[in-house]
Amino acid sequence: MASSSLNLTSFRPSLSSFRCSSAARHGVSLTAYNPSRRLALFHLGSAIPQAQPFGIKAPTMLRADGNSIEAGTVANMTQESTAVSQENVLEWTKKDKRRMLHVVYRVGDLDKTIKFYTECLGMKLLRKRDIPEERYTNAFLGFGPEDSHFVIELTYNYGVDRYDIGTGFGHFGVAVEDVAKTVDLIKAKGGKVTREPGPVKGGSTVIAFVEDPDGYKFELLERGPTPEPLCQIMLRVGDLDRSINFYEKAFGMQLLCKRDNPEYQYTIAMMGYGPEDKNAVLELTYNYGVTEYDKGNGYAQVAISTDDVYKTAEAIKLCGGKVTREPGPLPGINTKITACLDPDGWKTVFVDNIDFLKELE
């Protein structure tokens, strides 16, 4: 894919360092699966048409109990029932047990990237798996076990040594206790520093920016000890209010904070399942007047856990999202998933909670 000529450095400086108040693994499309199980909406019971030999204008329906009701009444009841069902589904997303599991993207040299993440960023190699029949290898890295931490899933596709990151993906955020010290280490290891340590413009939090061997940017944020050092993903969107509405309703996320910076002509929204100092979050960025971005072919998707992929898919459809893989088990491992695209085309995969833990075992 041709690289975009859009200069990423012209986009906003990061605001993720401002503390807001708390309020298919490798990208190959999977064969569509049509599950027999579906989310059951409210229903009225069995109803069959009753003959109208006397030309009565209002047709009636004969219920299973033998009592007749007018078809217009049935239609009204059905409409009301469907509305209640939709409301229940969207309320369920807020109560569902969800967290961000991992982010998936593609790299050209897996060993080189693993070395950078472990030696420069302090991550651990959690597991590695090779799938020779499909010609790819995965490596999972993070700051803690997958069953309790947000982690990175790197994908190396045999023979592909370069990807186009595009202009839509922004950066990953990593919280460290000493940004300057981390930057010195990265420089000593031959890493690329694109923004030297220093206070963020308009604030006091110390940040820096570095790039991994494939050009993916990492923002280093100086924070105290945190249970989730891999703390954010920044993605650019074309309509921030539209995205906030979608992530709140379809994904059940909370709007943790929203901040406008007219001086630099951008607005950000932090979305997640808990306070950003303890959970990984999405940092959605809207640059004034920019409605579309080149997504490239490097960044793939985020995976989120759920108690029910079927209800999740229904909620996504109700909110106007595009389900790209109907809910159901993956061939071979039986882990139930569903996949979708947000209004800007960013992909998310939802994974069944119980099946995910079984897969780790």
# chains A, B, ... in the order shown; residues from 1 in each chain; ligands from 1
call {"tool": "closest_atom_pairs", "arguments": {"of": "stretch 95-194 of chain A", "to": "stretch 311-322 of chain A", "cutoff": "12 Å", "atoms": "only C-alpha atoms", "output": "CSV"}}
result
residue,atom,partner,partner_atom,distance
A:Lys95,CA,A:Thr312,CA,11.6
A:Asp96,CA,A:Thr312,CA,9.1
A:Lys97,CA,A:Thr312,CA,11.3
A:Arg98,CA,A:Thr312,CA,10.7
call {"tool": "residues_around", "arguments": {"residues": "A:Lys181", "least_positions_apart": "3", "cutoff": "12 Å", "atoms": "only C-alpha atoms", "output": "PyMOL selection string"}}
result
chain A and resi 120-121+176-178+184-188+196-197+206-208+220+222
call {"tool": "atom_distance", "arguments": {"atom1": "atom CA of A:Val193", "atom2": "atom CA of A:Asp212"}}
result
9.4 Å
call {"tool": "select_by_dssp", "arguments": {"residues": "stretch 232-288 of chain A", "states": "helix (DSSP H, G or I)", "output": "VMD selection string"}}
result
chain A and resid 240 to 249
call {"tool": "residues_around", "arguments": {"residues": "stretch 348-356 of chain A", "least_positions_apart": "6", "cutoff": "12 Å", "atoms": "only C-alpha atoms", "output": "PyMOL selection string"}}
result
chain A and resi 24-27+30+96-104+146-148+247+250-251+282+299-313+316+321-330+333-342
call {"tool": "write_last_selection", "arguments": {"atoms": "C-alpha atoms", "output": "short mmCIF file (atom, residue, chain, number, x, y, z; two decimals), in the first residue's frame"}}
result
data_model
loop_
_atom_site.label_atom_id
_atom_site.label_comp_id
_atom_site.auth_asym_id
_atom_site.auth_seq_id
_atom_site.Cartn_x
_atom_site.Cartn_y
_atom_site.Cartn_z
CA ALA A 24 -8.47 -13.02 13.51
CA ARG A 25 -5.46 -12.56 15.36
CA HIS A 26 -3.22 -11.85 12.32
CA GLY A 27 -5.63 -9.90 10.19
CA LEU A 30 -12.09 -15.60 8.71
CA ASP A 96 -21.31 -6.81 30.79
CA LYS A 97 -17.94 -7.90 32.18
CA ARG A 98 -15.54 -6.26 29.75
CA ARG A 99 -11.93 -5.19 29.59
CA MET A 100 -9.42 -4.53 26.85
CA LEU A 101 -7.45 -7.76 26.33
CA HIS A 102 -4.83 -7.02 23.68
CA VAL A 103 -4.00 -4.96 20.62
CA VAL A 104 -2.92 -6.67 17.40
CA GLU A 146 -2.77 -11.90 29.94
CA ASP A 147 -5.58 -12.90 32.27
CA SER A 148 -5.26 -9.58 34.12
CA TYR A 247 -18.36 3.46 21.95
CA ALA A 250 -22.35 -0.33 21.37
CA PHE A 251 -19.23 -1.06 23.46
CA LEU A 282 -8.75 4.44 23.91
CA TYR A 299 -2.36 -1.85 12.73
CA ALA A 300 -5.03 -4.55 12.93
CA GLN A 301 -7.46 -4.47 15.87
CA VAL A 302 -8.22 -4.38 19.58
CA ALA A 303 -9.65 -7.39 21.41
CA ILE A 304 -12.19 -6.88 24.21
CA SER A 305 -13.68 -9.48 26.52
CA THR A 306 -17.41 -10.11 26.95
CA ASP A 307 -19.73 -12.56 28.66
CA ASP A 308 -21.83 -13.01 25.51
CA VAL A 309 -20.64 -12.45 21.94
CA TYR A 310 -24.18 -12.92 20.62
CA LYS A 311 -25.66 -10.07 22.63
CA THR A 312 -22.58 -8.00 21.83
CA ALA A 313 -23.14 -8.42 18.09
CA ILE A 316 -23.40 -3.34 17.68
CA GLY A 321 -22.09 -0.73 13.60
CA LYS A 322 -20.92 -3.19 10.99
CA VAL A 323 -20.47 -6.78 12.17
CA THR A 324 -17.75 -8.28 9.98
CA ARG A 325 -17.86 -11.71 11.60
CA GLU A 326 -21.06 -13.10 13.01
CA PRO A 327 -20.77 -14.43 16.57
CA GLY A 328 -19.70 -18.02 16.99
CA PRO A 329 -16.75 -20.32 17.78
CA LEU A 330 -13.47 -20.19 15.92
CA ILE A 333 -10.24 -23.96 19.19
CA ASN A 334 -13.96 -23.23 19.77
CA THR A 335 -13.31 -19.80 21.27
CA LYS A 336 -16.42 -17.73 20.59
CA ILE A 337 -15.82 -14.33 19.02
CA THR A 338 -17.49 -11.63 16.99
CA ALA A 339 -15.82 -8.83 15.05
CA CYS A 340 -16.99 -5.38 13.99
CA LEU A 341 -15.98 -2.00 12.59
CA ASP A 342 -16.61 1.34 14.28
#
call {"tool": "closest_residue", "arguments": {"among": "A:Lys295, A:Arg259, A:Lys94, A:Lys201", "to": "A:Gly274", "atoms": "only C-alpha atoms"}}
result
A:Lys94
call {"tool": "closest_residue", "arguments": {"among": "A:Tyr117, A:Gly252, A:Gly198, A:Gly224", "to": "A:Asp277", "atoms": "only C-alpha atoms"}}
result
A:Gly224
call {"tool": "closest_residue", "arguments": {"among": "A:Phe143, A:Tyr163, A:Tyr156, A:Trp346", "to": "A:Met234", "atoms": "only C-alpha atoms"}}
result
A:Trp346
call {"tool": "residues_around", "arguments": {"residues": "A:Glu228", "least_positions_apart": "4", "cutoff": "7 Å", "atoms": "only C-alpha atoms", "output": "list of chain:residue names"}}
result
A:His149, A:Lys278, A:Asn279, A:Ala280
call {"tool": "residues_around", "arguments": {"residues": "A:Asp111", "least_positions_apart": "5", "cutoff": "12 Å", "atoms": "only C-alpha atoms", "output": "PyMOL selection string"}}
result
chain A and resi 116-119+125+128+137-139+154-156+161+213-214
call {"tool": "write_last_selection", "arguments": {"atoms": "C-alpha atoms", "output": "PDB file, in the first residue's frame"}}
result
ATOM      1  CA  PHE A 116      13.218  -3.748  21.614  1.00  0.00           C
ATOM      2  CA  TYR A 117      10.099  -4.193  23.740  1.00  0.00           C
ATOM      3  CA  THR A 118      11.795  -6.347  26.361  1.00  0.00           C
ATOM      4  CA  GLU A 119      15.128  -4.517  26.625  1.00  0.00           C
ATOM      5  CA  LEU A 125       7.576 -12.082  26.378  1.00  0.00           C
ATOM      6  CA  LYS A 128       4.970 -17.180  21.288  1.00  0.00           C
ATOM      7  CA  THR A 137       3.871 -16.276  13.992  1.00  0.00           C
ATOM      8  CA  ASN A 138       2.407 -14.487  17.015  1.00  0.00           C
ATOM      9  CA  ALA A 139       4.206 -13.116  20.050  1.00  0.00           C
ATOM     10  CA  LEU A 154       2.579  -8.985  17.449  1.00  0.00           C
ATOM     11  CA  THR A 155       2.062 -10.766  14.160  1.00  0.00           C
ATOM     12  CA  TYR A 156       4.793 -11.705  11.713  1.00  0.00           C
ATOM     13  CA  ASP A 161       9.178  -7.323   6.189  1.00  0.00           C
ATOM     14  CA  PRO A 213      11.824  -0.850  14.752  1.00  0.00           C
ATOM     15  CA  ASP A 214       8.718  -0.782  12.519  1.00  0.00           C
TER      16      ASP A 214
END
call {"tool": "select_by_dssp", "arguments": {"residues": "stretch 146-267 of chain A", "states": "strand (DSSP E or B)", "output": "PyMOL selection string"}}
result
chain A and resi 151-157+169-176+192-199+206-211+217-222+230-236+254-261+266-267
call {"tool": "atom_distance", "arguments": {"atom1": "atom CA of A:Arg129", "atom2": "atom CA of A:Gly215"}}
result
23.5 Å
call {"tool": "residues_around", "arguments": {"residues": "A:Gly298", "least_positions_apart": "6", "cutoff": "6 Å", "atoms": "only C-alpha atoms", "output": "ChimeraX atom specification"}}
result
/A:105-106,163-165
call {"tool": "closest_atom_pairs", "arguments": {"of": "stretch 275-305 of chain A", "to": "stretch 239-246 of chain A", "cutoff": "12 Å", "atoms": "only C-alpha atoms", "output": "tab-separated table"}}
result
residue	atom	partner	partner_atom	distance
A:Leu282	CA	A:Ile244	CA	10.6
A:Glu283	CA	A:Ile244	CA	10.7
A:Leu284	CA	A:Leu240	CA	7.3
A:Thr285	CA	A:Leu240	CA	7.2
A:Tyr286	CA	A:Leu240	CA	5.8
A:Asn287	CA	A:Asp239	CA	9.3
A:Tyr288	CA	A:Asp239	CA	9.6
A:Gly289	CA	A:Asp239	CA	9.5
A:Val290	CA	A:Asp239	CA	8.7
A:Thr291	CA	A:Asp239	CA	6.6
A:Glu292	CA	A:Asp239	CA	9.2
A:Tyr293	CA	A:Asp239	CA	11.7
call {"tool": "write_last_selection", "arguments": {"atoms": "N, CA, C and O atoms", "output": "PDB file, in the first residue's frame"}}
result
ATOM      1  N   LEU A 282      -8.863   3.934  25.274  1.00  0.00           N
ATOM      2  CA  LEU A 282      -8.749   4.441  23.910  1.00  0.00           C
ATOM      3  C   LEU A 282      -8.688   5.958  23.967  1.00  0.00           C
ATOM      4  O   LEU A 282      -9.517   6.594  24.620  1.00  0.00           O
ATOM      5  N   GLU A 283      -7.719   6.527  23.292  1.00  0.00           N
ATOM      6  CA  GLU A 283      -7.649   7.975  23.149  1.00  0.00           C
ATOM      7  C   GLU A 283      -8.070   8.302  21.725  1.00  0.00           C
ATOM      8  O   GLU A 283      -7.321   8.093  20.774  1.00  0.00           O
ATOM      9  N   LEU A 284      -9.289   8.787  21.557  1.00  0.00           N
ATOM     10  CA  LEU A 284      -9.803   9.145  20.242  1.00  0.00           C
ATOM     11  C   LEU A 284      -9.482  10.606  19.973  1.00  0.00           C
ATOM     12  O   LEU A 284      -9.757  11.473  20.804  1.00  0.00           O
ATOM     13  N   THR A 285      -8.915  10.886  18.817  1.00  0.00           N
ATOM     14  CA  THR A 285      -8.479  12.243  18.490  1.00  0.00           C
ATOM     15  C   THR A 285      -9.166  12.737  17.223  1.00  0.00           C
ATOM     16  O   THR A 285      -9.166  12.051  16.192  1.00  0.00           O
ATOM     17  N   TYR A 286      -9.741  13.929  17.329  1.00  0.00           N
ATOM     18  CA  TYR A 286     -10.328  14.588  16.159  1.00  0.00           C
ATOM     19  C   TYR A 286      -9.503  15.826  15.848  1.00  0.00           C
ATOM     20  O   TYR A 286      -9.362  16.720  16.680  1.00  0.00           O
ATOM     21  N   ASN A 287      -8.921  15.870  14.648  1.00  0.00           N
ATOM     22  CA  ASN A 287      -8.204  17.043  14.174  1.00  0.00           C
ATOM     23  C   ASN A 287      -9.167  17.890  13.340  1.00  0.00           C
ATOM     24  O   ASN A 287      -9.799  17.375  12.411  1.00  0.00           O
ATOM     25  N   TYR A 288      -9.277  19.145  13.679  1.00  0.00           N
ATOM     26  CA  TYR A 288     -10.251  20.028  13.045  1.00  0.00           C
ATOM     27  C   TYR A 288     -10.240  19.876  11.517  1.00  0.00           C
ATOM     28  O   TYR A 288      -9.193  20.003  10.871  1.00  0.00           O
ATOM     29  N   GLY A 289     -11.404  19.611  10.965  1.00  0.00           N
ATOM     30  CA  GLY A 289     -11.552  19.584   9.513  1.00  0.00           C
ATOM     31  C   GLY A 289     -11.108  18.320   8.819  1.00  0.00           C
ATOM     32  O   GLY A 289     -11.292  18.184   7.602  1.00  0.00           O
ATOM     33  N   VAL A 290     -10.535  17.356   9.556  1.00  0.00           N
ATOM     34  CA  VAL A 290     -10.071  16.107   8.932  1.00  0.00           C
ATOM     35  C   VAL A 290     -11.096  15.009   9.230  1.00  0.00           C
ATOM     36  O   VAL A 290     -11.342  14.677  10.390  1.00  0.00           O
ATOM     37  N   THR A 291     -11.692  14.466   8.195  1.00  0.00           N
ATOM     38  CA  THR A 291     -12.754  13.474   8.378  1.00  0.00           C
ATOM     39  C   THR A 291     -12.350  12.060   7.972  1.00  0.00           C
ATOM     40  O   THR A 291     -13.035  11.100   8.311  1.00  0.00           O
ATOM     41  N   GLU A 292     -11.243  11.919   7.250  1.00  0.00           N
ATOM     42  CA  GLU A 292     -10.815  10.590   6.816  1.00  0.00           C
ATOM     43  C   GLU A 292      -9.304  10.443   6.967  1.00  0.00           C
ATOM     44  O   GLU A 292      -8.563  11.424   6.840  1.00  0.00           O
ATOM     45  N   TYR A 293      -8.887   9.197   7.223  1.00  0.00           N
ATOM     46  CA  TYR A 293      -7.471   8.898   7.378  1.00  0.00           C
ATOM     47  C   TYR A 293      -7.122   7.616   6.628  1.00  0.00           C
ATOM     48  O   TYR A 293      -7.980   6.754   6.414  1.00  0.00           O
TER      49      TYR A 293
END
call {"tool": "residues_around", "arguments": {"residues": "A:Leu126", "least_positions_apart": "4", "cutoff": "10 Å", "atoms": "only C-alpha atoms", "output": "PDB file with N, CA and C atoms, in the first residue's frame"}}
result
ATOM      1  N   ALA A 139       3.492 -13.268  18.780  1.00  0.00           N
ATOM      2  CA  ALA A 139       4.206 -13.116  20.050  1.00  0.00           C
ATOM      3  C   ALA A 139       3.383 -12.177  20.924  1.00  0.00           C
ATOM      4  N   PHE A 140       3.182 -12.573  22.171  1.00  0.00           N
ATOM      5  CA  PHE A 140       2.411 -11.777  23.114  1.00  0.00           C
ATOM      6  C   PHE A 140       3.366 -11.181  24.144  1.00  0.00           C
ATOM      7  N   LEU A 141       3.315  -9.858  24.284  1.00  0.00           N
ATOM      8  CA  LEU A 141       4.191  -9.167  25.219  1.00  0.00           C
ATOM      9  C   LEU A 141       3.391  -8.194  26.073  1.00  0.00           C
ATOM     10  N   GLY A 142       3.860  -7.991  27.295  1.00  0.00           N
ATOM     11  CA  GLY A 142       3.185  -7.051  28.177  1.00  0.00           C
ATOM     12  C   GLY A 142       3.910  -6.907  29.495  1.00  0.00           C
ATOM     13  N   PHE A 143       3.239  -6.234  30.426  1.00  0.00           N
ATOM     14  CA  PHE A 143       3.830  -5.981  31.738  1.00  0.00           C
ATOM     15  C   PHE A 143       3.255  -6.890  32.821  1.00  0.00           C
ATOM     16  N   GLY A 144       2.442  -7.851  32.419  1.00  0.00           N
ATOM     17  CA  GLY A 144       1.848  -8.790  33.355  1.00  0.00           C
ATOM     18  C   GLY A 144       1.088  -9.851  32.599  1.00  0.00           C
ATOM     19  N   PRO A 145       0.574 -10.869  33.297  1.00  0.00           N
ATOM     20  CA  PRO A 145      -0.122 -11.975  32.646  1.00  0.00           C
ATOM     21  C   PRO A 145      -1.358 -11.525  31.869  1.00  0.00           C
ATOM     22  N   GLU A 146      -1.669 -12.265  30.822  1.00  0.00           N
ATOM     23  CA  GLU A 146      -2.773 -11.900  29.935  1.00  0.00           C
ATOM     24  C   GLU A 146      -4.138 -11.955  30.608  1.00  0.00           C
ATOM     25  N   VAL A 151      -2.280  -6.441  26.840  1.00  0.00           N
ATOM     26  CA  VAL A 151      -0.996  -6.838  26.257  1.00  0.00           C
ATOM     27  C   VAL A 151      -0.973  -6.564  24.760  1.00  0.00           C
ATOM     28  N   ILE A 152       0.191  -6.757  24.176  1.00  0.00           N
ATOM     29  CA  ILE A 152       0.401  -6.591  22.737  1.00  0.00           C
ATOM     30  C   ILE A 152       0.498  -7.959  22.078  1.00  0.00           C
ATOM     31  N   GLU A 153      -0.185  -8.118  20.964  1.00  0.00           N
ATOM     32  CA  GLU A 153      -0.057  -9.324  20.150  1.00  0.00           C
ATOM     33  C   GLU A 153       0.587  -8.924  18.827  1.00  0.00           C
TER      34      GLU A 153
END
call {"tool": "atom_distance", "arguments": {"atom1": "atom CA of A:Asn88", "atom2": "atom CA of A:Gln254"}}
result
17.8 Å
